[in-house]
Amino acid sequence: MGFDVAIDLGGDFSDLAAFAPGEAPILLKRPADPGATLPQAVAALLAAAGLPRHRVARLRLATTLATNALLAGTASPVALLATEGFCDIPDLGRQSKADPDEANPPPPTPLWLSPPAWRFGLAGRIDARGAAVAPVGPLPAGLLALPPGTPVAICLLFAPLNPAHELAAARAIAAARPDLPLSLSHQVDPALREFERTLATLADAALKPLLAARLAGLAPEPWMLRAEGGLAPLSEALARPLGLALSGPAAGARAVAHWAGTADAIGLDIGGTTAEVSLVRAGR
């Protein structure tokens with residue numbers, strides 16, 4: 001039987017744990033190569049562990065790559081296609097201020113994530129009951145002139161109730177500019193709070209170019225740990241990359257729960273870029 005291999009790709013270090021029946025477990029830590037693709041990083045770790053690829057029965061991966069990219073601002077800036085009149089949602093947020101005396105509070109969305117020049121309004125309207133009350137309009141000319149490969153977040157009003165306009169806009173963009181990766185808000189975060197849904201969709205779109213370049217290409221396809229603690233095939237994880245944010249810390253939280261048994265426990269996961277705290281109550 002082959003080895004069950006788990007790899008955690010961090011910003012500064014990569015860790016490997018491998019187990020097989022009747023074999024001594026293999027534990028390995030190596031400095032991370034920030035420029036390495038997923039196949040290169042995995043191959044280097046397996047070679048250092050003395051494990052030929054044919055001896056790997058199952059491969060599971062966790063990574064802080066998505067989390068670090070969002071926190072450090074190294075993910076891609078995103079073009080926003082919003083319902084006409086709602087392009088300022090990234091700046092307005094919930095119109096709340098951390099400091100009530102601050103006269104000019106900074107926008108809640110980082111400027112690198114949603115450049116104002118890359119926000120476009122789309123005619124058409126879905127109402128609060130999910131009915132189409134105005135037909136979807138043509139794509140803005142500026143959106144069709146975006147640089148190649150620019151990720152686009154499509155966040156239209158009340159899309160979780162009726163995604164028809166978002167789907168129509170996605171089809172039109174795919175036909176005119178198939179090189180633009182798309183994130184649709186009703187698929188990323190199907191909830192009815194506009195700022196939260198817009199922010200989540202912007203973050204999902206921002207991660208697509210980076211993760212596609214760094215994580216794709218490994219065969220056979222590994223399983224990726226997602227933020228909620230579940231596993232998904234690599235292709236599925238890359239289609240919704242926001243779920244990979246906090247995937248590394250999610251592995252730590254699952255480990256704390258495993259070791260805690262039925263007790264309460266607090267986990268502290270200190271990495272080179274971030275530190276995460278997890279709480280386990282009665283083993284959960």
# chains A, B, ... in the order shown; residues from 1 in each chain; ligands from 1
>>> closest_atom_pairs(of="segment 163-245 of chain A", to="segment 83-96 of chain A", cutoff="8 Å", atoms="only C-alpha atoms", output="CSV")
residue,atom,partner,partner_atom,distance
A:Glu194,CA,A:Ile89,CA,7.6
A:Phe195,CA,A:Gly93,CA,5.4
A:Thr198,CA,A:Pro90,CA,7.3
A:Leu199,CA,A:Pro90,CA,6.9
>>> closest_residue(among="A:Ala145, A:Leu71, A:Ala123, A:Ala159", to="Thr273 of chain A", atoms="only C-alpha atoms")
A:Leu71
>>> closest_residue(among="A:Ala131, A:Leu182, A:Ala32, A:Leu143", to="Asn162 of chain A", atoms="only C-alpha atoms")
A:Ala131
>>> closest_residue(among="A:Ala203, A:Leu225, A:Leu27, A:Ala245", to="Leu80 of chain A", atoms="only C-alpha atoms")
A:Ala203
>>> select_by_dssp(residues="segment 6-131 of chain A", states="strand (DSSP E or B)", output="number ranges by chain")
A: 6-9, 13-19, 26-31, 56-63, 79-83, 119-122, 125-126
>>> write_last_selection(atoms="N, CA and C atoms", output="short mmCIF file (atom, residue, chain, number, x, y, z; two decimals), in the first residue's frame")
data_model
loop_
_atom_site.label_atom_id
_atom_site.label_comp_id
_atom_site.auth_asym_id
_atom_site.auth_seq_id
_atom_site.Cartn_x
_atom_site.Cartn_y
_atom_site.Cartn_z
N ALA A 6 0.06 14.26 3.51
CA ALA A 6 -0.56 15.57 3.71
C ALA A 6 0.54 16.62 3.69
N ILE A 7 0.30 17.71 2.96
CA ILE A 7 1.28 18.78 2.82
C ILE A 7 0.61 20.11 3.16
N ASP A 8 1.31 20.91 3.94
CA ASP A 8 0.85 22.27 4.27
C ASP A 8 1.85 23.25 3.67
N LEU A 9 1.39 24.01 2.68
CA LEU A 9 2.25 24.97 1.99
C LEU A 9 2.05 26.33 2.61
N PHE A 13 7.39 28.31 5.30
CA PHE A 13 7.79 26.91 5.40
C PHE A 13 6.72 26.01 4.79
N SER A 14 7.14 24.86 4.33
CA SER A 14 6.23 23.81 3.88
C SER A 14 6.45 22.58 4.74
N ASP A 15 5.36 21.92 5.11
CA ASP A 15 5.41 20.75 5.98
C ASP A 15 4.81 19.55 5.28
N LEU A 16 5.38 18.39 5.54
CA LEU A 16 4.88 17.14 4.98
C LEU A 16 4.75 16.11 6.09
N ALA A 17 3.63 15.38 6.05
CA ALA A 17 3.43 14.23 6.93
C ALA A 17 2.95 13.07 6.07
N ALA A 18 3.61 11.93 6.21
CA ALA A 18 3.27 10.76 5.38
C ALA A 18 3.15 9.53 6.28
N PHE A 19 2.09 8.75 6.02
CA PHE A 19 1.82 7.55 6.81
C PHE A 19 1.43 6.41 5.88
N ILE A 26 6.65 9.67 8.30
CA ILE A 26 7.64 10.63 7.80
C ILE A 26 7.12 12.03 8.09
N LEU A 27 7.91 12.83 8.80
CA LEU A 27 7.57 14.22 9.10
C LEU A 27 8.71 15.09 8.59
N LEU A 28 8.35 16.15 7.88
CA LEU A 28 9.38 16.94 7.20
C LEU A 28 8.97 18.40 7.18
N LYS A 29 9.91 19.31 7.40
CA LYS A 29 9.70 20.75 7.27
C LYS A 29 10.84 21.33 6.44
N ARG A 30 10.48 22.15 5.45
CA ARG A 30 11.48 22.77 4.59
C ARG A 30 11.10 24.23 4.34
N PRO A 31 12.08 25.13 4.14
CA PRO A 31 11.75 26.50 3.75
C PRO A 31 10.96 26.51 2.43
N VAL A 56 2.82 7.31 -3.50
CA VAL A 56 1.82 8.18 -2.86
C VAL A 56 0.43 7.70 -3.27
N ALA A 57 -0.32 7.16 -2.30
CA ALA A 57 -1.66 6.67 -2.59
C ALA A 57 -2.69 7.79 -2.57
N ARG A 58 -2.50 8.74 -1.67
CA ARG A 58 -3.43 9.86 -1.58
C ARG A 58 -2.68 11.10 -1.16
N LEU A 59 -3.01 12.24 -1.77
CA LEU A 59 -2.34 13.50 -1.47
C LEU A 59 -3.38 14.54 -1.09
N ARG A 60 -3.18 15.11 0.10
CA ARG A 60 -4.06 16.18 0.58
C ARG A 60 -3.21 17.41 0.87
N LEU A 61 -3.73 18.58 0.50
CA LEU A 61 -2.96 19.82 0.61
C LEU A 61 -3.75 20.87 1.37
N ALA A 62 -3.05 21.61 2.21
CA ALA A 62 -3.55 22.84 2.82
C ALA A 62 -2.55 23.94 2.51
N THR A 63 -3.02 25.17 2.42
CA THR A 63 -2.10 26.25 2.06
C THR A 63 -2.57 27.57 2.65
N ALA A 79 -11.82 44.02 -11.53
CA ALA A 79 -12.85 44.87 -12.12
C ALA A 79 -14.21 44.46 -11.55
N LEU A 80 -15.04 45.44 -11.24
CA LEU A 80 -16.35 45.20 -10.65
C LEU A 80 -17.44 45.57 -11.64
N LEU A 81 -18.35 44.63 -11.90
CA LEU A 81 -19.55 44.91 -12.69
C LEU A 81 -20.73 44.87 -11.73
N ALA A 82 -21.29 46.04 -11.44
CA ALA A 82 -22.38 46.16 -10.47
C ALA A 82 -23.62 46.72 -11.14
N THR A 83 -24.74 46.58 -10.48
CA THR A 83 -25.96 47.20 -10.97
C THR A 83 -25.76 48.70 -11.06
N ARG A 119 -14.54 50.03 -12.08
CA ARG A 119 -15.90 49.73 -11.64
C ARG A 119 -16.87 50.17 -12.73
N PHE A 120 -17.76 49.26 -13.09
CA PHE A 120 -18.67 49.53 -14.21
C PHE A 120 -20.10 49.20 -13.81
N GLY A 121 -21.02 50.10 -14.22
CA GLY A 121 -22.43 49.89 -13.95
C GLY A 121 -23.12 49.20 -15.12
N LEU A 122 -24.06 48.31 -14.79
CA LEU A 122 -24.80 47.57 -15.80
C LEU A 122 -26.28 47.88 -15.65
N ARG A 125 -32.45 45.58 -13.66
CA ARG A 125 -32.75 45.51 -12.23
C ARG A 125 -33.58 44.27 -11.89
N ILE A 126 -33.11 43.56 -10.88
CA ILE A 126 -33.89 42.54 -10.20
C ILE A 126 -34.42 43.17 -8.91
#
>>> closest_residue(among="A:Leu202, A:Ala117, A:Met1, A:Ala250", to="Pro151 of chain A", atoms="only C-alpha atoms")
A:Leu202
>>> atom_distance(atom1="atom CA of Pro138 of chain A", atom2="atom CA of Pro181 of chain A")
18.9 Å
>>> decode(residues="segment 107-142 of chain A", atoms="C-alpha atoms", output="PDB file, in the first residue's frame")
ATOM      1  CA  PRO A 107     -12.771  52.943   2.698  1.00  0.00           C
ATOM      2  CA  PRO A 108     -13.489  49.472   4.086  1.00  0.00           C
ATOM      3  CA  THR A 109     -12.248  47.846   0.877  1.00  0.00           C
ATOM      4  CA  PRO A 110      -8.526  48.136   0.006  1.00  0.00           C
ATOM      5  CA  LEU A 111      -7.971  50.323  -3.038  1.00  0.00           C
ATOM      6  CA  TRP A 112      -5.705  47.718  -4.647  1.00  0.00           C
ATOM      7  CA  LEU A 113      -8.582  45.209  -4.590  1.00  0.00           C
ATOM      8  CA  SER A 114     -11.208  47.395  -6.295  1.00  0.00           C
ATOM      9  CA  PRO A 115      -9.687  50.276  -8.292  1.00  0.00           C
ATOM     10  CA  PRO A 116     -12.396  52.940  -8.861  1.00  0.00           C
ATOM     11  CA  ALA A 117     -11.477  53.176 -12.559  1.00  0.00           C
ATOM     12  CA  TRP A 118     -12.340  49.483 -12.933  1.00  0.00           C
ATOM     13  CA  ARG A 119     -15.903  49.727 -11.643  1.00  0.00           C
ATOM     14  CA  PHE A 120     -18.668  49.525 -14.213  1.00  0.00           C
ATOM     15  CA  GLY A 121     -22.433  49.887 -13.950  1.00  0.00           C
ATOM     16  CA  LEU A 122     -24.802  47.567 -15.805  1.00  0.00           C
ATOM     17  CA  ALA A 123     -28.337  48.600 -16.697  1.00  0.00           C
ATOM     18  CA  GLY A 124     -31.131  46.312 -15.556  1.00  0.00           C
ATOM     19  CA  ARG A 125     -32.745  45.505 -12.234  1.00  0.00           C
ATOM     20  CA  ILE A 126     -33.895  42.537 -10.195  1.00  0.00           C
ATOM     21  CA  ASP A 127     -36.239  43.646  -7.398  1.00  0.00           C
ATOM     22  CA  ALA A 128     -36.361  42.523  -3.764  1.00  0.00           C
ATOM     23  CA  ARG A 129     -38.751  39.698  -4.649  1.00  0.00           C
ATOM     24  CA  GLY A 130     -36.461  38.339  -7.349  1.00  0.00           C
ATOM     25  CA  ALA A 131     -38.511  39.647 -10.281  1.00  0.00           C
ATOM     26  CA  ALA A 132     -36.794  41.213 -13.299  1.00  0.00           C
ATOM     27  CA  VAL A 133     -38.271  44.726 -13.491  1.00  0.00           C
ATOM     28  CA  ALA A 134     -35.791  46.151 -16.037  1.00  0.00           C
ATOM     29  CA  PRO A 135     -33.954  44.154 -18.717  1.00  0.00           C
ATOM     30  CA  VAL A 136     -30.224  43.684 -18.485  1.00  0.00           C
ATOM     31  CA  GLY A 137     -28.333  46.165 -20.638  1.00  0.00           C
ATOM     32  CA  PRO A 138     -25.270  45.918 -22.891  1.00  0.00           C
ATOM     33  CA  LEU A 139     -21.817  45.498 -21.403  1.00  0.00           C
ATOM     34  CA  PRO A 140     -19.931  48.753 -20.690  1.00  0.00           C
ATOM     35  CA  ALA A 141     -17.294  49.526 -23.280  1.00  0.00           C
ATOM     36  CA  GLY A 142     -14.660  50.073 -20.598  1.00  0.00           C
TER      37      GLY A 142
END
